[in-house]
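Colleague: Structure supplied as work_1.csv; contents: CSV, C-alpha atoms and all ligand atoms.
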```csv
chain,number,residue,atom,x,y,z
A,1,MET,CA,-5.5,24.5,10.8
A,2,LYS,CA,-5.0,21.5,13.1
A,3,PRO,CA,-7.4,18.8,12.0
A,4,SER,CA,-9.2,16.5,14.3
A,5,SER,CA,-8.8,12.7,14.0
A,6,ILE,CA,-8.7,11.5,10.4
A,7,LYS,CA,-11.3,8.9,9.5
A,8,ILE,CA,-10.0,6.2,7.2
A,9,ILE,CA,-12.4,4.1,5.3
A,10,GLY,CA,-11.0,0.7,4.3
A,11,THR,CA,-9.3,-2.4,5.6
A,12,PRO,CA,-5.5,-2.3,6.2
A,13,ILE,CA,-5.2,-5.5,4.1
A,14,SER,CA,-5.2,-3.0,1.2
A,15,HIS,CA,-1.7,-1.7,0.6
A,16,TYR,CA,-3.3,1.6,-0.4
A,17,VAL,CA,-5.0,1.8,3.0
A,18,GLU,CA,-1.6,0.9,4.6
A,19,THR,CA,0.0,3.8,2.8
A,20,VAL,CA,-2.6,6.2,4.3
A,21,ILE,CA,-2.0,4.7,7.8
A,22,LEU,CA,1.7,5.0,7.3
A,23,THR,CA,1.4,8.6,6.4
A,24,CYS,CA,-0.7,9.3,9.5
A,25,GLU,CA,1.8,7.5,11.6
A,26,GLU,CA,4.8,9.3,10.1
A,27,ARG,CA,3.2,12.7,10.4
A,28,GLY,CA,1.8,12.2,13.9
A,29,ALA,CA,-1.8,12.4,12.7
A,30,SER,CA,-4.4,10.6,14.9
A,31,TYR,CA,-6.8,8.4,12.9
A,32,THR,CA,-9.6,6.0,13.2
A,33,LEU,CA,-10.4,3.1,10.8
A,34,GLN,CA,-13.8,2.2,9.5
A,35,VAL,CA,-13.4,-1.3,8.2
A,36,ASN,CA,-16.1,-3.4,6.6
A,37,GLY,CA,-17.2,-6.1,9.1
A,38,HIS,CA,-15.0,-4.8,11.9
A,39,ASP,CA,-15.5,-1.5,13.9
A,40,THR,CA,-18.1,0.7,12.2
A,41,PRO,CA,-18.9,-1.1,9.0
A,42,VAL,CA,-19.0,0.7,5.7
A,43,ALA,CA,-19.7,-2.2,3.4
A,44,LEU,CA,-17.8,-2.1,0.1
A,45,LYS,CA,-19.9,-1.6,-3.1
A,46,THR,CA,-23.0,-0.6,-1.1
A,47,PRO,CA,-24.7,2.7,-1.5
A,48,ASP,CA,-23.1,3.7,1.8
A,49,HIS,CA,-19.6,3.0,0.4
A,50,LEU,CA,-20.4,4.9,-2.8
A,51,LEU,CA,-21.0,8.0,-0.8
A,52,TRP,CA,-17.4,7.8,0.2
A,53,HIS,CA,-15.9,6.5,-3.1
A,54,PRO,CA,-17.9,6.9,-6.3
A,55,PHE,CA,-15.8,4.1,-7.9
A,56,ALA,CA,-16.3,1.7,-4.9
A,57,LYS,CA,-12.6,1.4,-4.0
A,58,ILE,CA,-10.7,1.9,-0.8
A,59,PRO,CA,-9.3,4.0,0.8
A,60,ALA,CA,-11.5,7.0,1.3
A,61,ALA,CA,-11.0,9.4,4.2
A,62,GLU,CA,-12.6,12.3,6.1
A,63,ILE,CA,-10.1,15.0,6.9
A,64,ALA,CA,-11.1,18.2,8.7
A,65,GLY,CA,-14.7,17.6,7.7
A,66,ALA,CA,-14.0,17.0,4.0
A,67,LYS,CA,-14.3,13.7,2.2
A,68,PHE,CA,-11.5,12.5,-0.1
A,69,TYR,CA,-10.7,9.5,-2.2
A,70,GLU,CA,-7.5,8.6,-4.1
A,71,THR,CA,-4.6,7.6,-1.9
A,72,SER,CA,-2.2,10.2,-3.3
A,73,ALA,CA,-4.6,13.0,-2.6
A,74,ILE,CA,-5.4,11.8,0.9
A,75,CYS,CA,-1.6,11.4,1.8
A,76,ARG,CA,-0.8,14.8,0.3
A,77,CYS,CA,-3.5,16.5,2.4
A,78,ILE,CA,-2.3,14.8,5.6
A,79,ASP,CA,1.3,15.8,4.8
A,80,LEU,CA,0.3,19.4,4.3
A,81,LEU,CA,-1.9,19.7,7.3
A,82,PHE,CA,0.7,18.5,9.9
A,83,GLU,CA,3.8,20.2,11.2
A,84,GLY,CA,7.2,18.6,11.1
A,85,THR,CA,9.3,16.9,8.4
A,86,SER,CA,7.3,16.7,5.2
A,87,LEU,CA,7.1,13.5,3.2
A,88,VAL,CA,7.2,15.6,0.0
A,89,PRO,CA,10.6,16.9,-1.1
A,90,GLN,CA,11.0,20.7,-1.4
A,91,GLU,CA,13.4,20.4,-4.3
A,92,PRO,CA,11.5,20.4,-7.6
A,93,LEU,CA,13.4,17.6,-9.3
A,94,ALA,CA,13.0,15.3,-6.3
A,95,ALA,CA,9.3,16.2,-6.0
A,96,ALA,CA,8.8,15.3,-9.6
A,97,ARG,CA,10.7,12.0,-9.1
A,98,MET,CA,8.4,11.2,-6.2
A,99,GLU,CA,5.4,12.0,-8.4
A,100,GLN,CA,6.7,9.8,-11.2
A,101,TRP,CA,7.0,6.9,-8.8
A,102,ILE,CA,3.6,7.3,-7.2
A,103,SER,CA,2.0,7.3,-10.7
A,104,SER,CA,4.1,4.3,-11.8
A,105,ILE,CA,3.2,2.3,-8.7
A,106,ASN,CA,-0.5,3.0,-9.4
A,107,CYS,CA,-0.2,2.1,-13.1
A,108,TYR,CA,2.4,-0.6,-13.3
A,109,TYR,CA,2.8,-2.3,-9.9
A,110,HIS,CA,-0.7,-2.5,-8.2
A,111,ARG,CA,-2.3,-4.8,-10.8
A,112,PRO,CA,0.5,-7.3,-11.5
A,113,CYS,CA,2.0,-7.4,-8.0
A,114,ILE,CA,-1.2,-7.2,-5.9
A,115,SER,CA,-4.3,-8.0,-8.0
A,116,ASN,CA,-2.6,-10.8,-9.9
A,117,LEU,CA,-0.4,-12.2,-7.2
A,118,VAL,CA,-0.8,-11.2,-3.5
A,119,SER,CA,-4.6,-11.1,-3.6
A,120,HIS,CA,-4.7,-14.7,-4.8
A,121,TYR,CA,-2.9,-15.7,-1.5
A,122,VAL,CA,-5.1,-13.5,0.6
A,123,PHE,CA,-8.3,-14.6,-0.9
A,124,PRO,CA,-7.5,-18.0,-2.6
A,125,ARG,CA,-10.0,-18.8,-5.4
A,126,GLY,CA,-8.3,-21.6,-7.2
A,127,PRO,CA,-8.9,-25.4,-7.1
A,128,GLN,CA,-9.2,-26.8,-3.5
A,129,GLY,CA,-9.3,-23.3,-2.1
A,130,LYS,CA,-5.7,-22.6,-3.2
A,131,PRO,CA,-4.3,-19.7,-5.2
A,132,ASP,CA,-4.9,-19.8,-8.9
A,133,LYS,CA,-1.4,-20.5,-10.2
A,134,SER,CA,-2.3,-19.9,-13.8
A,135,ILE,CA,-3.2,-16.3,-13.2
A,136,ILE,CA,-0.1,-15.8,-11.0
A,137,GLN,CA,2.3,-17.4,-13.6
A,138,ALA,CA,0.8,-15.2,-16.4
A,139,ALA,CA,1.6,-12.1,-14.3
A,140,MET,CA,5.2,-13.0,-13.7
A,141,PRO,CA,6.8,-11.3,-16.7
A,142,GLU,CA,5.1,-8.0,-15.9
A,143,ILE,CA,6.1,-8.4,-12.2
A,144,GLN,CA,9.7,-9.0,-13.1
A,145,ALA,CA,9.8,-6.0,-15.4
A,146,ALA,CA,8.3,-3.8,-12.7
A,147,LEU,CA,10.8,-5.0,-10.1
A,148,ARG,CA,13.7,-4.5,-12.5
A,149,GLN,CA,12.8,-0.8,-12.7
A,150,LEU,CA,12.5,-0.5,-9.0
A,151,SER,CA,15.8,-2.1,-8.5
A,152,TYR,CA,17.5,0.4,-10.8
A,153,ALA,CA,16.1,3.2,-8.8
A,154,TYR,CA,17.1,1.7,-5.4
A,155,ALA,CA,20.5,0.9,-6.7
A,156,GLN,CA,21.1,4.6,-7.4
A,157,ASN,CA,19.6,6.1,-4.3
A,158,ASP,CA,18.5,5.3,-0.8
A,159,TYR,CA,14.9,6.4,-1.5
A,160,LEU,CA,12.8,6.6,-4.6
A,161,ALA,CA,12.9,10.4,-4.7
A,162,GLY,CA,16.7,10.4,-4.1
A,163,GLN,CA,18.0,11.2,-0.7
A,164,HIS,CA,14.6,12.2,0.7
A,165,PHE,CA,12.4,9.6,2.3
A,166,SER,CA,9.0,10.4,0.7
A,167,LEU,CA,5.5,9.3,0.0
A,168,ALA,CA,6.8,7.2,-2.9
A,169,ASP,CA,8.6,4.9,-0.5
A,170,LEU,CA,5.4,4.6,1.6
A,171,PHE,CA,3.5,3.6,-1.6
A,172,ILE,CA,5.9,0.8,-2.6
A,173,ALA,CA,6.9,-0.6,0.9
A,174,PRO,CA,3.5,-2.3,1.7
A,175,ILE,CA,3.4,-3.8,-1.8
A,176,ILE,CA,6.9,-5.3,-1.4
A,177,ARG,CA,6.2,-6.5,2.1
A,178,GLN,CA,3.0,-8.2,0.9
A,179,MET,CA,4.9,-9.8,-2.0
A,180,GLN,CA,7.4,-11.2,0.4
A,181,GLN,CA,4.6,-13.4,1.8
A,182,THR,CA,4.1,-15.2,-1.4
A,183,PRO,CA,6.5,-17.9,-2.9
A,184,GLU,CA,6.5,-16.3,-6.3
A,185,GLY,CA,7.1,-12.8,-4.8
A,186,GLN,CA,10.0,-14.1,-2.7
A,187,GLU,CA,11.6,-15.8,-5.7
A,188,CYS,CA,11.2,-12.8,-7.9
A,189,LEU,CA,12.6,-10.4,-5.2
A,190,SER,CA,15.6,-12.7,-4.8
A,191,PHE,CA,16.8,-11.6,-8.3
A,192,PHE,CA,16.7,-7.9,-7.3
A,193,PRO,CA,18.2,-7.9,-3.7
A,194,VAL,CA,18.8,-4.2,-3.6
A,195,ILE,CA,15.0,-3.6,-3.3
A,196,GLU,CA,14.7,-5.4,0.1
A,197,GLU,CA,18.1,-4.1,1.2
A,198,LYS,CA,17.0,-0.5,0.7
A,199,LEU,CA,13.4,-1.1,2.0
A,200,CYS,CA,14.7,-2.7,5.2
A,201,ARG,CA,15.1,0.8,6.6
A,202,VAL,CA,11.4,1.5,5.9
A,203,PHE,CA,10.3,-1.8,7.2
A,204,GLY,CA,12.2,-1.1,10.4
A,205,ARG,CA,10.5,2.2,11.1
A,206,PRO,CA,8.0,2.2,14.1
A,207,SER,CA,5.3,3.5,11.7
A,208,PHE,CA,5.7,0.5,9.4
A,209,GLN,CA,5.9,-2.0,12.3
A,210,ARG,CA,2.6,-0.7,13.8
A,211,THR,CA,0.9,-0.6,10.4
A,212,HIS,CA,2.1,-4.1,9.4
A,213,GLN,CA,0.8,-5.5,12.7
A,214,LEU,CA,-2.6,-3.9,11.9
A,215,TYR,CA,-2.5,-5.5,8.4
A,216,ARG,CA,-1.8,-8.9,9.9
A,217,SER,CA,-4.6,-8.6,12.4
A,218,TYR,CA,-7.1,-8.1,9.6
A,219,LEU,CA,-6.0,-11.0,7.3
A,220,PRO,CA,-8.9,-13.3,6.6
A,221,GLU,CA,-9.1,-16.9,7.8
A,222,GLY,CA,-8.0,-19.3,5.1
A,223,HIS,CA,-5.4,-17.1,3.5
A,224,CYS,CA,-2.4,-18.8,2.0
A,225,LEU,CA,0.4,-16.3,2.7
A,226,VAL,CA,3.6,-18.1,3.3
A,227,ASP,CA,4.9,-16.7,6.6
A,228,ASP,CA,1.8,-17.8,8.4
A,229,THR,CA,0.5,-21.1,9.5
A,230,ALA,CA,-3.0,-20.6,8.1
A,231,CYS,CA,-2.3,-22.7,4.9
B,1,LIG,N1,-6.6,4.8,-7.5
B,1,LIG,C1,-7.0,4.3,-6.3
B,1,LIG,C2,-6.9,2.8,-6.3
B,1,LIG,C3,-7.6,2.2,-5.1
B,1,LIG,C4,-7.7,0.7,-5.2
B,1,LIG,O1,-7.6,0.1,-6.3
B,1,LIG,N2,-8.0,0.0,-4.1
B,1,LIG,C5,-8.2,-1.4,-4.1
B,1,LIG,C6,-7.7,-2.0,-2.8
B,1,LIG,S1,-5.9,-2.1,-2.7
B,1,LIG,C7,-9.7,-1.7,-4.1
B,1,LIG,O2,-10.5,-0.9,-3.6
B,1,LIG,N3,-10.1,-2.9,-4.6
B,1,LIG,C8,-11.4,-3.3,-4.5
B,1,LIG,C9,-12.0,-3.6,-5.9
B,1,LIG,O3,-11.3,-3.2,-6.9
B,1,LIG,O4,-13.1,-4.1,-6.0
B,1,LIG,C10,-6.2,4.9,-5.1
B,1,LIG,O5,-5.1,5.4,-5.4
B,1,LIG,O6,-6.7,5.0,-4.0
```
Write out the structure in this file as structure tokens.
Ligand SMILES: N[C@@H](CCC(=O)N[C@@H](CS)C(=O)NCC(=O)O)C(=O)O
Modeller:
Amino acid sequence: MKPSSIKIIGTPISHYVETVILTCEERGASYTLQVNGHDTPVALKTPDHLLWHPFAKIPAAEIAGAKFYETSAICRCIDLLFEGTSLVPQEPLAAARMEQWISSINCYYHRPCISNLVSHYVFPRGPQGKPDKSIIQAAMPEIQAALRQLSYAYAQNDYLAGQHFSLADLFIAPIIRQMQQTPEGQECLSFFPVIEEKLCRVFGRPSFQRTHQLYRSYLPEGHCLVDDTAC
């Protein structure tokens, strides 16, 4: 079955949405974005949004007429539907390693690295409209512990699943790229240089460059990310 264009619900500011876009880009799937306040609005937390995602999160997607939520499920579906090199290793141990990393990223990276760090620079809510440094500082031990594990993995292999570029790398790359735009993220990453060394090859892929461009174009006014002049 060759699906028609994939409809992605959510803004590319979300690293999870970026992962879905990256998967489409890598697998040659055409897609459209429905972003709250931009093209066709599906407002977050509204009854409309709940029809797409019962827990009011992004992303959600429509693929071949079926609605899905959960990034991993969406990316797996896209990977299976399109011809060409799969982003899921065939070899069982490598496939399990990929799965381990996707689950770890959801459980141990998203909250400290994004909710407690990056999102405070994207949507500053502290004094004088600046990031709330107390929340960020409190998250640093957990962020360091997470990056340490990631650095062990990238020190051993080129990709998280071993020699096979996989969905796991597409889950972590947008998180690390977003962390690079915060002073605390930059500092913490400087202690684990192998992470950026290995991820450079993902950042350099045309899929990533297109997706990151899209991410930048949706950043809100007043954000405090460091490699931009907005703050
Ligand atoms: N388990 C979900 C997590 C999705 C998620 O947490 N998305 C964030 C954006 S990065 C979100 O919707 N945040 C809005 C909120 O929590 O209110 C997945 O894998 O897709």
Colleague: Neighbouring residues of ligand LIG 1 (chain B) are defined here as those with any atom at most 8 Å from a ligand atom, counting all atoms listed in the file; list them as a PDB file with C-alpha atoms, keeping the file's coordinate frame.
Modeller:
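pocket-v5.pdb, freshly written:
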```
ATOM      1  CA  ILE A  13      -5.200  -5.500   4.100  1.00  0.00           C
ATOM      2  CA  SER A  14      -5.200  -3.000   1.200  1.00  0.00           C
ATOM      3  CA  HIS A  15      -1.700  -1.700   0.600  1.00  0.00           C
ATOM      4  CA  TYR A  16      -3.300   1.600  -0.400  1.00  0.00           C
ATOM      5  CA  VAL A  17      -5.000   1.800   3.000  1.00  0.00           C
ATOM      6  CA  LEU A  44     -17.800  -2.100   0.100  1.00  0.00           C
ATOM      7  CA  LYS A  45     -19.900  -1.600  -3.100  1.00  0.00           C
ATOM      8  CA  ALA A  56     -16.300   1.700  -4.900  1.00  0.00           C
ATOM      9  CA  LYS A  57     -12.600   1.400  -4.000  1.00  0.00           C
ATOM     10  CA  ILE A  58     -10.700   1.900  -0.800  1.00  0.00           C
ATOM     11  CA  PRO A  59      -9.300   4.000   0.800  1.00  0.00           C
ATOM     12  CA  ALA A  60     -11.500   7.000   1.300  1.00  0.00           C
ATOM     13  CA  TYR A  69     -10.700   9.500  -2.200  1.00  0.00           C
ATOM     14  CA  GLU A  70      -7.500   8.600  -4.100  1.00  0.00           C
ATOM     15  CA  THR A  71      -4.600   7.600  -1.900  1.00  0.00           C
ATOM     16  CA  SER A  72      -2.200  10.200  -3.300  1.00  0.00           C
ATOM     17  CA  ASN A 106      -0.500   3.000  -9.400  1.00  0.00           C
ATOM     18  CA  HIS A 110      -0.700  -2.500  -8.200  1.00  0.00           C
ATOM     19  CA  ILE A 114      -1.200  -7.200  -5.900  1.00  0.00           C
TER      20      ILE A 114
END
```
Colleague: What's the separation between CA of Pro3 in chain A and CA of Glu99 in chain A, in Å to one decimal place?
Modeller: 25.0 Å
Colleague: Given the choices A:Asn36, A:Gln137, A:Gln149, A:Gln128, which gets closest to Ile105 in chain A if the distance is worked out from all atoms listed in the file?
Modeller: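 The closest residue to Ile105 in chain A is A:Gln149.
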Colleague: Which is closer to Glu18 in chain A than all the others in A:Gln209, A:Gln181, A:Thr85, A:Gln163, using all atoms listed in the file?
Modeller: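 Using all atoms listed in the file, Glu18 in chain A sits closest to A:Gln209.
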Colleague: So how many Å separate CA of Glu91 in chain A and CA of Ser166 in chain A, to one decimal?
Modeller: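 Computed distance, CA of Glu91 in chain A to CA of Ser166 in chain A, equals 12.0 Å.
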Colleague: Rounded to one decimal in Å, what is the spacing between CA of Ala139 in chain A and CA of Gln178 in chain A?
Modeller: 15.8 Å
Colleague: Counting only C-alpha atoms, write as a PDB file with C-alpha atoms, in the coordinates of the input all protein and nucleic acid residues lying at most 9 Å from (-0.7, -12.8, -9.5) in the file's frame.
Modeller:
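After the write, part_19.pdb holds the following:
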```pdb
ATOM      1  CA  ARG A 111      -2.300  -4.800 -10.800  1.00  0.00           C
ATOM      2  CA  PRO A 112       0.500  -7.300 -11.500  1.00  0.00           C
ATOM      3  CA  CYS A 113       2.000  -7.400  -8.000  1.00  0.00           C
ATOM      4  CA  ILE A 114      -1.200  -7.200  -5.900  1.00  0.00           C
ATOM      5  CA  SER A 115      -4.300  -8.000  -8.000  1.00  0.00           C
ATOM      6  CA  ASN A 116      -2.600 -10.800  -9.900  1.00  0.00           C
ATOM      7  CA  LEU A 117      -0.400 -12.200  -7.200  1.00  0.00           C
ATOM      8  CA  VAL A 118      -0.800 -11.200  -3.500  1.00  0.00           C
ATOM      9  CA  SER A 119      -4.600 -11.100  -3.600  1.00  0.00           C
ATOM     10  CA  HIS A 120      -4.700 -14.700  -4.800  1.00  0.00           C
ATOM     11  CA  TYR A 121      -2.900 -15.700  -1.500  1.00  0.00           C
ATOM     12  CA  PRO A 131      -4.300 -19.700  -5.200  1.00  0.00           C
ATOM     13  CA  ASP A 132      -4.900 -19.800  -8.900  1.00  0.00           C
ATOM     14  CA  LYS A 133      -1.400 -20.500 -10.200  1.00  0.00           C
ATOM     15  CA  SER A 134      -2.300 -19.900 -13.800  1.00  0.00           C
ATOM     16  CA  ILE A 135      -3.200 -16.300 -13.200  1.00  0.00           C
ATOM     17  CA  ILE A 136      -0.100 -15.800 -11.000  1.00  0.00           C
ATOM     18  CA  GLN A 137       2.300 -17.400 -13.600  1.00  0.00           C
ATOM     19  CA  ALA A 138       0.800 -15.200 -16.400  1.00  0.00           C
ATOM     20  CA  ALA A 139       1.600 -12.100 -14.300  1.00  0.00           C
ATOM     21  CA  MET A 140       5.200 -13.000 -13.700  1.00  0.00           C
ATOM     22  CA  ILE A 143       6.100  -8.400 -12.200  1.00  0.00           C
ATOM     23  CA  GLU A 184       6.500 -16.300  -6.300  1.00  0.00           C
TER      24      GLU A 184
END
```
Colleague: Name the residues in contact with Lys130 in chain A at a cut-off of 8 Å, using only C-alpha atoms, excluding same-chain residues fewer than 4 positions from it; report them as a ChimeraX atom specification.
Modeller: /A:121,124-126,224
Colleague: Which is closer to Leu80 in chain A than all the others in A:Ala96, A:Ala161, A:Ala29, A:Ile175, using all atoms listed in the file?
Modeller: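 Closest candidate: A:Ala29.
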Colleague: Determine the nearest neighbour of Arg76 in chain A from the options A:Leu150, A:Leu167, A:Cys200, A:Leu93, counting all atoms listed in the file.
Modeller: A:Leu167
Colleague: Need to verify the contact set: Arg148 in chain A, 9 Å, only C-alpha atoms, exclusion of same-chain residues closer than 4 positions in sequence. Can you return it as a list of chain:residue names?
Modeller: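 The contact residues come out as A:Ile143, A:Gln144, A:Tyr152, A:Ala153, A:Phe191, A:Phe192.
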Colleague: Is there a way to get, as a PDB file with C-alpha atoms, in the frame of the given file, all residues within 12 Å of the point (-16.9, 17.2, 5.8) in file coordinates, counting only C-alpha atoms?
Modeller:
```pdb
ATOM      1  CA  PRO A   3      -7.400  18.800  12.000  1.00  0.00           C
ATOM      2  CA  SER A   4      -9.200  16.500  14.300  1.00  0.00           C
ATOM      3  CA  ILE A   6      -8.700  11.500  10.400  1.00  0.00           C
ATOM      4  CA  LYS A   7     -11.300   8.900   9.500  1.00  0.00           C
ATOM      5  CA  TRP A  52     -17.400   7.800   0.200  1.00  0.00           C
ATOM      6  CA  ALA A  61     -11.000   9.400   4.200  1.00  0.00           C
ATOM      7  CA  GLU A  62     -12.600  12.300   6.100  1.00  0.00           C
ATOM      8  CA  ILE A  63     -10.100  15.000   6.900  1.00  0.00           C
ATOM      9  CA  ALA A  64     -11.100  18.200   8.700  1.00  0.00           C
ATOM     10  CA  GLY A  65     -14.700  17.600   7.700  1.00  0.00           C
ATOM     11  CA  ALA A  66     -14.000  17.000   4.000  1.00  0.00           C
ATOM     12  CA  LYS A  67     -14.300  13.700   2.200  1.00  0.00           C
ATOM     13  CA  PHE A  68     -11.500  12.500  -0.100  1.00  0.00           C
TER      14      PHE A  68
END
```
Colleague: Could you check the closest approach to Tyr159 in chain A for each of A:Ile8, A:Val122, A:Met98, A:Leu219 and tell me which residue wins, using only C-alpha atoms?
Modeller: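 Nearest to Tyr159 in chain A: A:Met98.
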Colleague: Quick one: of A:Pro183, A:Gly28, A:Pro54, A:Gly204, who's nearest to Glu83 in chain A, counting all atoms listed in the file?
Modeller: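 Distance minimum relative to Glu83 in chain A lands on A:Gly28.
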